[in-house]
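Enquirer: Contents of target-v1.cif (mmCIF, C-alpha atoms and all ligand atoms) are given next:
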data_model
loop_
_atom_site.label_atom_id
_atom_site.label_comp_id
_atom_site.auth_asym_id
_atom_site.auth_seq_id
_atom_site.Cartn_x
_atom_site.Cartn_y
_atom_site.Cartn_z
CA MET S 1 47.87 48.56 -37.14
CA GLU S 2 47.90 50.91 -34.15
CA LYS S 3 49.65 49.75 -31.01
CA ASP S 4 46.61 50.58 -28.86
CA ASP S 5 44.50 48.14 -30.83
CA LYS S 6 46.37 45.16 -29.42
CA LYS S 7 45.44 46.01 -25.84
CA VAL S 8 41.74 45.88 -26.45
CA LYS S 9 40.89 42.24 -26.88
CA TYR S 10 37.47 42.09 -28.40
CA ASP S 11 36.65 45.23 -30.17
CA GLY S 12 35.30 44.07 -33.49
CA LYS S 13 38.29 45.60 -35.26
CA PRO S 14 40.62 43.81 -37.69
CA MET S 15 43.21 41.61 -36.03
CA GLU S 16 46.88 41.58 -36.83
CA HIS S 17 47.02 38.70 -39.22
CA GLU S 18 46.03 39.24 -42.79
CA PHE S 19 46.23 37.09 -45.88
CA ASP S 20 45.74 38.24 -49.43
CA GLY S 21 44.12 41.34 -48.05
CA ILE S 22 41.63 39.30 -46.03
CA LYS S 23 41.46 40.33 -42.40
CA GLU S 24 39.84 38.70 -39.42
CA LEU S 25 37.72 40.90 -37.23
CA ASN S 26 38.14 40.51 -33.50
CA ASN S 27 34.54 39.45 -32.80
CA PRO S 28 34.04 36.85 -30.05
CA ILE S 29 30.79 34.94 -29.72
CA PRO S 30 28.40 36.33 -27.11
CA PRO S 31 28.97 35.05 -23.55
CA TRP S 32 25.70 33.09 -23.35
CA LEU S 33 26.70 31.14 -26.43
CA GLN S 34 30.14 30.53 -24.99
CA VAL S 35 28.61 29.21 -21.79
CA LEU S 36 26.38 26.93 -23.83
CA PHE S 37 29.40 25.68 -25.70
CA PHE S 38 31.24 24.81 -22.51
CA ILE S 39 28.17 23.04 -21.19
CA THR S 40 28.03 20.85 -24.29
CA VAL S 41 31.73 20.06 -23.91
CA ALA S 42 31.23 19.08 -20.28
CA PHE S 43 28.18 17.05 -21.21
CA SER S 44 29.99 15.18 -23.96
CA LEU S 45 32.79 14.34 -21.57
CA PHE S 46 30.33 12.96 -19.04
CA TYR S 47 28.45 11.10 -21.79
CA TRP S 48 31.61 9.49 -23.07
CA LEU S 49 32.73 8.49 -19.60
CA TYR S 50 29.32 7.14 -18.58
CA TYR S 51 28.51 5.13 -21.68
CA HIS S 52 31.91 4.16 -22.99
CA VAL S 53 34.15 3.97 -19.93
CA TRP S 54 31.83 3.26 -17.02
CA THR S 55 28.91 0.87 -16.98
CA GLY S 56 26.14 2.76 -18.76
CA ASP S 57 24.19 0.58 -21.18
CA LEU S 58 24.39 1.40 -24.83
CA GLN S 59 21.14 1.27 -26.83
CA GLU S 60 21.63 -2.33 -27.87
CA GLN S 61 22.27 -3.58 -24.33
CA GLU S 62 19.40 -1.53 -22.98
CA TYR S 63 17.10 -3.08 -25.57
CA GLN S 64 18.28 -6.60 -24.74
CA LYS S 65 17.72 -6.02 -21.04
CA GLU S 66 14.22 -4.64 -21.59
CA MET S 67 13.32 -7.57 -23.82
CA ALA S 68 14.60 -10.07 -21.25
CA ALA S 69 12.55 -8.36 -18.52
CA ALA S 70 9.46 -8.41 -20.75
CA GLU S 71 10.01 -12.11 -21.46
CA VAL S 72 10.06 -12.86 -17.73
CA LYS S 73 6.84 -10.87 -17.28
CA LEU S 74 5.21 -12.68 -20.19
CA GLU S 75 6.16 -16.09 -18.80
CA LYS S 76 4.72 -15.13 -15.45
CA HIS S 77 1.52 -13.93 -17.07
CA ARG S 78 1.24 -17.14 -19.11
CA ALA S 79 1.72 -19.26 -16.00
CA GLU S 80 -0.90 -17.26 -14.12
CA THR S 81 -3.55 -17.38 -16.80
CA LYS S 82 -2.89 -20.96 -17.89
CA GLN S 83 -6.12 -22.87 -18.34
CA LEU S 84 -6.11 -26.27 -16.78
CA ASP S 85 -7.01 -29.14 -19.10
CA ILE S 86 -9.93 -30.93 -17.54
CA ILE S 87 -9.01 -34.55 -18.17
CA LEU S 88 -9.37 -37.51 -15.85
CA LEU S 89 -6.18 -38.09 -13.87
CA THR S 90 -5.41 -41.74 -13.21
CA ASP S 91 -1.87 -41.67 -11.81
CA ASP S 92 -1.43 -42.82 -8.20
CA ALA S 93 -0.07 -39.49 -6.96
CA SER S 94 -3.13 -37.57 -8.19
CA ILE S 95 -5.60 -40.16 -6.87
CA THR S 96 -3.89 -40.24 -3.47
CA ALA S 97 -3.94 -36.44 -3.37
CA GLY S 98 -7.62 -36.52 -4.36
CA GLU S 99 -8.41 -38.94 -1.56
CA ALA S 100 -6.67 -36.70 0.97
CA ILE S 101 -8.75 -33.75 -0.22
CA PHE S 102 -11.95 -35.84 0.01
CA LYS S 103 -11.15 -36.47 3.68
CA GLU S 104 -9.77 -33.03 4.52
CA LYS S 105 -12.58 -31.09 2.92
CA LEU S 106 -15.25 -33.06 4.73
CA CYS S 107 -16.79 -34.41 1.55
CA ALA S 108 -17.38 -37.52 3.63
CA THR S 109 -19.70 -35.68 6.00
CA CYS S 110 -22.24 -35.33 3.22
CA HIS S 111 -21.25 -38.22 0.95
CA GLY S 112 -20.13 -40.88 3.44
CA GLN S 113 -16.65 -42.16 4.26
CA LEU S 114 -16.66 -44.40 1.21
CA GLY S 115 -18.74 -42.11 -0.98
CA GLU S 116 -21.74 -44.32 -0.38
CA GLY S 117 -24.03 -41.36 0.22
CA ASN S 118 -26.09 -40.47 3.27
CA PRO S 119 -29.28 -38.57 3.98
CA ILE S 120 -27.56 -35.33 2.92
CA GLY S 121 -25.55 -36.10 -0.19
CA PRO S 122 -25.88 -38.56 -3.04
CA ASN S 123 -23.98 -41.78 -3.58
CA LEU S 124 -20.82 -41.09 -5.57
CA THR S 125 -19.94 -44.73 -6.19
CA ASP S 126 -22.70 -45.67 -8.61
CA LYS S 127 -23.04 -44.72 -12.24
CA TYR S 128 -26.01 -42.46 -11.65
CA TRP S 129 -25.40 -38.75 -11.76
CA ILE S 130 -27.72 -35.84 -11.05
CA ASN S 131 -25.41 -33.22 -12.54
CA GLY S 132 -23.63 -35.30 -15.14
CA GLY S 133 -20.90 -37.90 -14.83
CA THR S 134 -18.17 -36.75 -17.18
CA ILE S 135 -14.96 -35.40 -15.71
CA GLU S 136 -15.89 -31.89 -16.89
CA GLN S 137 -19.32 -32.10 -15.25
CA VAL S 138 -18.06 -33.54 -11.99
CA PHE S 139 -15.30 -30.92 -11.95
CA ALA S 140 -17.91 -28.17 -12.50
CA THR S 141 -20.21 -29.56 -9.78
CA ILE S 142 -17.43 -29.57 -7.21
CA LYS S 143 -16.07 -26.20 -8.32
CA ASN S 144 -19.37 -24.31 -8.50
CA GLY S 145 -21.40 -26.51 -6.17
CA VAL S 146 -25.16 -26.84 -6.31
CA PRO S 147 -25.99 -24.27 -3.62
CA THR S 148 -29.76 -24.68 -3.91
CA LYS S 149 -29.44 -28.43 -3.25
CA GLY S 150 -26.84 -28.26 -0.49
CA MET S 151 -23.62 -29.05 -2.39
CA THR S 152 -20.88 -26.63 -1.33
CA PRO S 153 -18.98 -24.73 -4.05
CA PHE S 154 -15.27 -25.36 -3.58
CA LYS S 155 -13.88 -22.75 -5.95
CA ASP S 156 -12.84 -20.46 -3.09
CA GLN S 157 -11.35 -23.27 -1.03
CA LEU S 158 -9.49 -25.28 -3.64
CA PRO S 159 -7.43 -24.34 -6.70
CA ASP S 160 -8.44 -25.94 -10.00
CA GLU S 161 -5.62 -28.50 -9.82
CA LYS S 162 -6.94 -29.83 -6.53
CA ILE S 163 -10.55 -29.84 -7.70
CA LEU S 164 -9.38 -31.93 -10.63
CA GLN S 165 -7.60 -34.35 -8.30
CA VAL S 166 -10.66 -34.88 -6.10
CA SER S 167 -12.90 -35.14 -9.20
CA SER S 168 -10.59 -37.82 -10.55
CA TYR S 169 -10.61 -39.59 -7.21
CA VAL S 170 -14.42 -39.69 -7.30
CA LEU S 171 -14.62 -40.96 -10.87
CA HIS S 172 -11.58 -43.20 -11.02
CA LYS S 173 -11.49 -44.63 -7.51
CA LEU S 174 -14.91 -44.32 -5.87
CA GLN S 175 -17.09 -45.00 -8.87
CA GLY S 176 -17.72 -48.69 -9.36
CA THR S 177 -17.02 -49.65 -5.75
CA ASN S 178 -19.91 -51.25 -3.92
CA PRO S 179 -19.75 -49.94 -0.38
CA PRO S 180 -22.17 -51.23 2.23
CA ASN S 181 -25.22 -49.09 3.00
CA ALA S 182 -25.04 -47.45 -0.39
CA LYS S 183 -27.71 -44.88 -0.99
CA GLU S 184 -30.18 -45.61 -3.77
CA PRO S 185 -29.16 -44.25 -7.21
CA GLN S 186 -30.19 -40.71 -8.06
CA GLY S 187 -30.11 -38.99 -11.43
CA VAL S 188 -29.44 -40.67 -14.73
CA LEU S 189 -27.27 -43.59 -15.64
CA VAL S 190 -24.00 -42.56 -17.30
CA GLU S 191 -22.13 -45.44 -18.90
C1 LIG S 201 -22.61 -29.77 2.91
C2 LIG S 201 -22.72 -31.10 2.31
C3 LIG S 201 -21.77 -31.41 1.17
C4 LIG S 201 -20.42 -31.35 1.15
C5 LIG S 201 -19.47 -30.85 2.25
C6 LIG S 201 -20.00 -31.85 -0.13
N1 LIG S 201 -21.09 -32.22 -0.88
FE1 LIG S 201 -21.06 -32.94 -2.73
N2 LIG S 201 -23.07 -32.86 -2.81
C7 LIG S 201 -23.91 -32.53 -1.77
C8 LIG S 201 -25.28 -32.59 -2.19
C9 LIG S 201 -26.49 -32.32 -1.33
C10 LIG S 201 -25.26 -32.96 -3.56
C11 LIG S 201 -26.45 -33.16 -4.49
C12 LIG S 201 -26.60 -31.96 -5.37
C13 LIG S 201 -27.79 -32.09 -6.31
O1 LIG S 201 -28.77 -32.68 -5.91
O2 LIG S 201 -27.67 -31.56 -7.42
C14 LIG S 201 -23.84 -33.11 -3.91
C15 LIG S 201 -23.38 -33.48 -5.15
C16 LIG S 201 -22.08 -33.80 -5.44
C17 LIG S 201 -21.64 -34.34 -6.69
C18 LIG S 201 -22.52 -34.58 -7.90
C19 LIG S 201 -23.32 -35.82 -7.74
C20 LIG S 201 -24.29 -36.02 -8.88
O3 LIG S 201 -24.98 -37.05 -8.86
O4 LIG S 201 -24.35 -35.18 -9.77
C21 LIG S 201 -20.31 -34.59 -6.58
C22 LIG S 201 -19.39 -35.16 -7.63
C23 LIG S 201 -19.92 -34.16 -5.26
N3 LIG S 201 -21.02 -33.70 -4.58
C24 LIG S 201 -18.64 -34.25 -4.77
C25 LIG S 201 -18.25 -33.66 -3.59
C26 LIG S 201 -16.88 -33.54 -3.16
C27 LIG S 201 -15.69 -34.10 -3.91
C28 LIG S 201 -16.89 -32.88 -1.99
C29 LIG S 201 -15.72 -32.46 -1.15
C30 LIG S 201 -14.69 -31.69 -1.83
C31 LIG S 201 -18.27 -32.62 -1.65
N4 LIG S 201 -19.05 -33.08 -2.65
C32 LIG S 201 -18.68 -31.97 -0.52
C33 LIG S 201 -23.50 -32.19 -0.49
C34 LIG S 201 -22.19 -31.95 -0.12
#
As structure tokens, please, write out the structure in this file.

Expert:
Amino acid sequence: MEKDDKKVKYDGKPMEHEFDGIKELNNPIPPWLQVLFFITVAFSLFYWLYYHVWTGDLQEQEYQKEMAAAEVKLEKHRAETKQLDIILLTDDASITAGEAIFKEKLCATCHGQLGEGNPIGPNLTDKYWINGGTIEQVFATIKNGVPTKGMTPFKDQLPDEKILQVSSYVLHKLQGTNPPNAKEPQGVLVE
């Protein structure tokens, strides 16, 4: 081995060590590859620190978090799109709420203070119904109104829950009362 050889670092020539006649050539990897290598080392260090030392979420935790967030969204969606069961409410709280709506929403202007009816609207206390006397039908009449006959649709003014309360008030509380000055029956008898 020449002395000069040692001075030149990377020259592609055999290096000093040798084993069983096998020599290593002094051939470094090209600089761009070296740079790439250092980048991967730096990246792995950052990766390790971020995920294993600091707070970064590992796959499993990330998955759990995403699932929990999706569950919250789903619950919200379910609550928003929940269909109300249209069944007659008979509890005091609902009937009282229904009565308040009857007064607030000026139902009385067209149906009388006691639901007895007046020249505008029909009597709501008898068993005769123009648009049907089941809870579903009464609910639908109040919700969609009968615009051609002068009954206001309340779907834009009242949420379904409140329409159900006032419908229940009409059927459970008003119906069957015998207020003075009741308007003559209209529609068909519903027993
Ligand atoms: C602007 C006047 C007016 C207002 C306000 C009004 N109604 Fe009516 N309502 C009518 C008229 C008129 C009819 C009859 C519709 C028909 O002939 O089909 C009617 C029909 C109804 C019926 C069906 C009666 C039947 O025989 O089928 C119900 C129930 C009813 N109204 C409840 C209500 C309630 C509850 C409110 C308040 C939230 C209300 N109305 C507000 C005018 C009104």

Enquirer: Using all atoms listed in the file, which residues of chain S come within 9 Å of ligand LIG 201 (chain S), and what is the closest atom pair for each, with the distance in Å to one decimal? Give it as a tab-separated table, sorted by chain and residue number.

Expert:
residue	atom	partner	partner_atom	distance
S:Gly98	CA	S:LIG201	C27	8.4
S:Ile101	CA	S:LIG201	C30	6.5
S:Phe102	CA	S:LIG201	C29	5.2
S:Lys103	CA	S:LIG201	C29	7.8
S:Glu104	CA	S:LIG201	C30	8.1
S:Lys105	CA	S:LIG201	C30	5.2
S:Leu106	CA	S:LIG201	C5	5.4
S:Cys107	CA	S:LIG201	C29	3.5
S:Ala108	CA	S:LIG201	C32	7.1
S:Thr109	CA	S:LIG201	C5	6.1
S:Cys110	CA	S:LIG201	C2	4.4
S:His111	CA	S:LIG201	N1	6.3
S:Gly115	CA	S:LIG201	C24	8.7
S:Pro119	CA	S:LIG201	C9	8.7
S:Ile120	CA	S:LIG201	C9	5.3
S:Gly121	CA	S:LIG201	C8	4.0
S:Pro122	CA	S:LIG201	C11	5.6
S:Asn123	CA	S:LIG201	O3	7.2
S:Leu124	CA	S:LIG201	C19	6.2
S:Asp126	CA	S:LIG201	O3	8.9
S:Lys127	CA	S:LIG201	O3	8.6
S:Tyr128	CA	S:LIG201	O3	6.2
S:Trp129	CA	S:LIG201	O3	3.4
S:Ile130	CA	S:LIG201	O4	3.7
S:Asn131	CA	S:LIG201	O4	3.6
S:Gly132	CA	S:LIG201	O4	5.4
S:Gly133	CA	S:LIG201	O4	6.7
S:Gln137	CA	S:LIG201	O4	8.1
S:Val138	CA	S:LIG201	C22	4.8
S:Phe139	CA	S:LIG201	C22	7.3
S:Ala140	CA	S:LIG201	C22	8.6
S:Thr141	CA	S:LIG201	C18	5.8
S:Ile142	CA	S:LIG201	C24	5.4
S:Lys143	CA	S:LIG201	C30	8.6
S:Gly145	CA	S:LIG201	FE1	7.3
S:Val146	CA	S:LIG201	C12	5.4
S:Pro147	CA	S:LIG201	C12	7.9
S:Thr148	CA	S:LIG201	O2	8.0
S:Lys149	CA	S:LIG201	C12	5.0
S:Gly150	CA	S:LIG201	C9	4.2
S:Met151	CA	S:LIG201	C7	3.5
S:Thr152	CA	S:LIG201	C4	5.4
S:Pro153	CA	S:LIG201	C32	8.1
S:Phe154	CA	S:LIG201	C30	6.6
S:Leu158	CA	S:LIG201	C30	8.5
S:Ile163	CA	S:LIG201	C30	7.4
S:Val166	CA	S:LIG201	C27	5.5
S:Ser167	CA	S:LIG201	C27	6.1
S:Tyr169	CA	S:LIG201	C27	8.2
S:Val170	CA	S:LIG201	C27	6.7
S:Leu171	CA	S:LIG201	C22	8.2
S:Pro185	CA	S:LIG201	O3	8.5
S:Gln186	CA	S:LIG201	O3	6.4
S:Gly187	CA	S:LIG201	O3	6.1
S:Val188	CA	S:LIG201	O3	8.2

Enquirer: What's the separation between CA of Thr81 in chain S and CA of Asp160 in chain S, in Å to one decimal place?

Expert: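 Between CA of Thr81 in chain S and CA of Asp160 in chain S the gap is 12.0 Å.
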
Enquirer: Between S:Ser44, S:Gln157, S:Thr125, S:Gln165, which residue has the minimum interatomic distance to Ala93 in chain S, considering all atoms listed in the file?

Expert: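 When distances to Ala93 in chain S are compared using all atoms listed in the file, the smallest one comes from S:Gln165.
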
Enquirer: Could you state the separation of CA of Leu84 in chain S and CA of Asn144 in chain S in Å, given to one decimal place?

Expert: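 Computing the Euclidean distance for CA of Leu84 in chain S and CA of Asn144 in chain S yields 15.8 Å.
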
Enquirer: Rounded to one decimal, what separation in Å do you get between CA of Leu189 in chain S and CA of Leu174 in chain S?

Expert: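 We find that CA of Leu189 in chain S and CA of Leu174 in chain S lie 15.8 Å from each other.
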
Enquirer: Neighbourhood query: residues within 9 Å of (-6.2, -39.4, -14.4), file coordinates, counting only C-alpha atoms; return as a list in words.

Expert: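 So the residues meeting the distance criterion are Ile87, Leu88, Leu89, Thr90, Asp91, Asp92, Ser94, Ile95, Leu164, Gln165, Ser168, Tyr169 and His172 of chain S.
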
Enquirer: My list of candidates is S:Glu16, S:Lys162, S:Ile86, S:Thr134. Which is closest to Ala100 in chain S when distances are computed with all atoms listed in the file?

Expert: S:Lys162

Enquirer: So that I can check the surroundings of Pro14 in chain S, please list as an MDAnalysis selection string every protein, DNA and RNA residue that reaches within 7 Å of it, counting only C-alpha atoms and ignoring chain neighbours fewer than 2 positions away.

Expert: chainID S and resid 12 16 23:26

Enquirer: Can you write just those residues out, C-alpha atoms, as a short mmCIF file (atom, residue, chain, number, x, y, z; two decimals), keeping the file's coordinate frame?

Expert:
data_model
loop_
_atom_site.label_atom_id
_atom_site.label_comp_id
_atom_site.auth_asym_id
_atom_site.auth_seq_id
_atom_site.Cartn_x
_atom_site.Cartn_y
_atom_site.Cartn_z
CA GLY S 12 35.30 44.07 -33.49
CA GLU S 16 46.88 41.58 -36.83
CA LYS S 23 41.46 40.33 -42.40
CA GLU S 24 39.84 38.70 -39.42
CA LEU S 25 37.72 40.90 -37.23
CA ASN S 26 38.14 40.51 -33.50
#

Enquirer: Of the candidates S:Pro31, S:His52, S:Glu161, S:Ala182, which shows the shortest atom-to-atom distance to Gln83 in chain S, using only C-alpha atoms?

Expert: S:Glu161

Enquirer: Writing N, CA, C and O atoms and nothing else, produce range 87-113 of chain S as a PDB file, in the first residue's frame.

Expert:
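Listing of result28.pdb after writing:
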ATOM      1  N   ILE S  87     -99.055  10.362  19.208  1.00  0.00           N
ATOM      2  CA  ILE S  87    -100.023   9.712  20.094  1.00  0.00           C
ATOM      3  C   ILE S  87    -100.588  10.765  21.048  1.00  0.00           C
ATOM      4  O   ILE S  87     -99.893  11.711  21.395  1.00  0.00           O
ATOM      5  N   LEU S  88    -101.839  10.567  21.419  1.00  0.00           N
ATOM      6  CA  LEU S  88    -102.515  11.529  22.287  1.00  0.00           C
ATOM      7  C   LEU S  88    -101.788  11.632  23.621  1.00  0.00           C
ATOM      8  O   LEU S  88    -101.535  10.626  24.286  1.00  0.00           O
ATOM      9  N   LEU S  89    -101.433  12.870  24.001  1.00  0.00           N
ATOM     10  CA  LEU S  89    -100.794  13.087  25.298  1.00  0.00           C
ATOM     11  C   LEU S  89    -101.897  13.411  26.298  1.00  0.00           C
ATOM     12  O   LEU S  89    -102.801  14.190  25.990  1.00  0.00           O
ATOM     13  N   THR S  90    -101.824  12.808  27.482  1.00  0.00           N
ATOM     14  CA  THR S  90    -102.887  13.063  28.457  1.00  0.00           C
ATOM     15  C   THR S  90    -102.338  13.568  29.786  1.00  0.00           C
ATOM     16  O   THR S  90    -103.102  13.865  30.699  1.00  0.00           O
ATOM     17  N   ASP S  91    -100.997  13.670  29.885  1.00  0.00           N
ATOM     18  CA  ASP S  91    -100.430  14.135  31.159  1.00  0.00           C
ATOM     19  C   ASP S  91    -100.692  15.632  31.334  1.00  0.00           C
ATOM     20  O   ASP S  91    -100.795  16.377  30.360  1.00  0.00           O
ATOM     21  N   ASP S  92    -100.797  16.052  32.592  1.00  0.00           N
ATOM     22  CA  ASP S  92    -101.148  17.442  32.913  1.00  0.00           C
ATOM     23  C   ASP S  92    -100.207  18.451  32.277  1.00  0.00           C
ATOM     24  O   ASP S  92    -100.647  19.468  31.751  1.00  0.00           O
ATOM     25  N   ALA S  93     -98.898  18.147  32.327  1.00  0.00           N
ATOM     26  CA  ALA S  93     -97.907  19.102  31.814  1.00  0.00           C
ATOM     27  C   ALA S  93     -98.157  19.375  30.334  1.00  0.00           C
ATOM     28  O   ALA S  93     -98.150  20.530  29.898  1.00  0.00           O
ATOM     29  N   SER S  94     -98.410  18.318  29.556  1.00  0.00           N
ATOM     30  CA  SER S  94     -98.622  18.487  28.118  1.00  0.00           C
ATOM     31  C   SER S  94     -99.913  19.237  27.838  1.00  0.00           C
ATOM     32  O   SER S  94     -99.970  20.096  26.951  1.00  0.00           O
ATOM     33  N   ILE S  95    -100.973  18.916  28.608  1.00  0.00           N
ATOM     34  CA  ILE S  95    -102.263  19.569  28.386  1.00  0.00           C
ATOM     35  C   ILE S  95    -102.190  21.053  28.752  1.00  0.00           C
ATOM     36  O   ILE S  95    -102.698  21.909  28.029  1.00  0.00           O
ATOM     37  N   THR S  96    -101.499  21.346  29.869  1.00  0.00           N
ATOM     38  CA  THR S  96    -101.324  22.742  30.263  1.00  0.00           C
ATOM     39  C   THR S  96    -100.534  23.490  29.199  1.00  0.00           C
ATOM     40  O   THR S  96    -100.874  24.625  28.821  1.00  0.00           O
ATOM     41  N   ALA S  97     -99.470  22.854  28.693  1.00  0.00           N
ATOM     42  CA  ALA S  97     -98.667  23.477  27.637  1.00  0.00           C
ATOM     43  C   ALA S  97     -99.532  23.693  26.394  1.00  0.00           C
ATOM     44  O   ALA S  97     -99.464  24.746  25.754  1.00  0.00           O
ATOM     45  N   GLY S  98    -100.368  22.721  26.082  1.00  0.00           N
ATOM     46  CA  GLY S  98    -101.252  22.823  24.919  1.00  0.00           C
ATOM     47  C   GLY S  98    -102.227  23.972  25.063  1.00  0.00           C
ATOM     48  O   GLY S  98    -102.480  24.715  24.108  1.00  0.00           O
ATOM     49  N   GLU S  99    -102.737  24.149  26.271  1.00  0.00           N
ATOM     50  CA  GLU S  99    -103.686  25.233  26.522  1.00  0.00           C
ATOM     51  C   GLU S  99    -103.007  26.594  26.331  1.00  0.00           C
ATOM     52  O   GLU S  99    -103.580  27.507  25.709  1.00  0.00           O
ATOM     53  N   ALA S 100    -101.764  26.680  26.825  1.00  0.00           N
ATOM     54  CA  ALA S 100    -101.016  27.933  26.674  1.00  0.00           C
ATOM     55  C   ALA S 100    -100.827  28.249  25.189  1.00  0.00           C
ATOM     56  O   ALA S 100    -100.976  29.409  24.773  1.00  0.00           O
ATOM     57  N   ILE S 101    -100.514  27.233  24.403  1.00  0.00           N
ATOM     58  CA  ILE S 101    -100.318  27.448  22.965  1.00  0.00           C
ATOM     59  C   ILE S 101    -101.634  27.888  22.319  1.00  0.00           C
ATOM     60  O   ILE S 101    -101.665  28.801  21.493  1.00  0.00           O
ATOM     61  N   PHE S 102    -102.734  27.259  22.729  1.00  0.00           N
ATOM     62  CA  PHE S 102    -104.058  27.600  22.180  1.00  0.00           C
ATOM     63  C   PHE S 102    -104.326  29.097  22.379  1.00  0.00           C
ATOM     64  O   PHE S 102    -104.826  29.772  21.482  1.00  0.00           O
ATOM     65  N   LYS S 103    -103.929  29.608  23.556  1.00  0.00           N
ATOM     66  CA  LYS S 103    -104.154  31.029  23.837  1.00  0.00           C
ATOM     67  C   LYS S 103    -103.139  31.915  23.136  1.00  0.00           C
ATOM     68  O   LYS S 103    -103.501  32.902  22.502  1.00  0.00           O
ATOM     69  N   GLU S 104    -101.870  31.522  23.227  1.00  0.00           N
ATOM     70  CA  GLU S 104    -100.800  32.315  22.609  1.00  0.00           C
ATOM     71  C   GLU S 104    -100.960  32.435  21.098  1.00  0.00           C
ATOM     72  O   GLU S 104    -100.706  33.487  20.528  1.00  0.00           O
ATOM     73  N   LYS S 105    -101.292  31.352  20.474  1.00  0.00           N
ATOM     74  CA  LYS S 105    -101.306  31.312  19.007  1.00  0.00           C
ATOM     75  C   LYS S 105    -102.636  31.768  18.424  1.00  0.00           C
ATOM     76  O   LYS S 105    -102.924  31.549  17.255  1.00  0.00           O
ATOM     77  N   LEU S 106    -103.441  32.391  19.256  1.00  0.00           N
ATOM     78  CA  LEU S 106    -104.681  33.000  18.794  1.00  0.00           C
ATOM     79  C   LEU S 106    -105.639  32.006  18.146  1.00  0.00           C
ATOM     80  O   LEU S 106    -106.438  32.381  17.286  1.00  0.00           O
ATOM     81  N   CYS S 107    -105.576  30.768  18.551  1.00  0.00           N
ATOM     82  CA  CYS S 107    -106.533  29.779  18.064  1.00  0.00           C
ATOM     83  C   CYS S 107    -107.939  30.254  18.438  1.00  0.00           C
ATOM     84  O   CYS S 107    -108.902  30.055  17.701  1.00  0.00           O
ATOM     85  N   ALA S 108    -107.986  30.921  19.623  1.00  0.00           N
ATOM     86  CA  ALA S 108    -109.279  31.358  20.146  1.00  0.00           C
ATOM     87  C   ALA S 108    -109.961  32.399  19.258  1.00  0.00           C
ATOM     88  O   ALA S 108    -111.179  32.476  19.219  1.00  0.00           O
ATOM     89  N   THR S 109    -109.157  33.177  18.554  1.00  0.00           N
ATOM     90  CA  THR S 109    -109.738  34.197  17.672  1.00  0.00           C
ATOM     91  C   THR S 109    -110.677  33.551  16.663  1.00  0.00           C
ATOM     92  O   THR S 109    -111.696  34.120  16.291  1.00  0.00           O
ATOM     93  N   CYS S 110    -110.319  32.399  16.176  1.00  0.00           N
ATOM     94  CA  CYS S 110    -111.107  31.744  15.136  1.00  0.00           C
ATOM     95  C   CYS S 110    -111.955  30.589  15.673  1.00  0.00           C
ATOM     96  O   CYS S 110    -112.836  30.096  14.974  1.00  0.00           O
ATOM     97  N   HIS S 111    -111.606  30.108  16.884  1.00  0.00           N
ATOM     98  CA  HIS S 111    -112.339  28.950  17.408  1.00  0.00           C
ATOM     99  C   HIS S 111    -113.057  29.248  18.718  1.00  0.00           C
ATOM    100  O   HIS S 111    -113.684  28.355  19.284  1.00  0.00           O
ATOM    101  N   GLY S 112    -112.944  30.484  19.203  1.00  0.00           N
ATOM    102  CA  GLY S 112    -113.584  30.845  20.469  1.00  0.00           C
ATOM    103  C   GLY S 112    -112.697  30.532  21.652  1.00  0.00           C
ATOM    104  O   GLY S 112    -111.857  29.636  21.586  1.00  0.00           O
ATOM    105  N   GLN S 113    -112.899  31.311  22.740  1.00  0.00           N
ATOM    106  CA  GLN S 113    -112.092  31.128  23.953  1.00  0.00           C
ATOM    107  C   GLN S 113    -112.161  29.708  24.469  1.00  0.00           C
ATOM    108  O   GLN S 113    -111.192  29.171  24.982  1.00  0.00           O
TER     109      GLN S 113
END
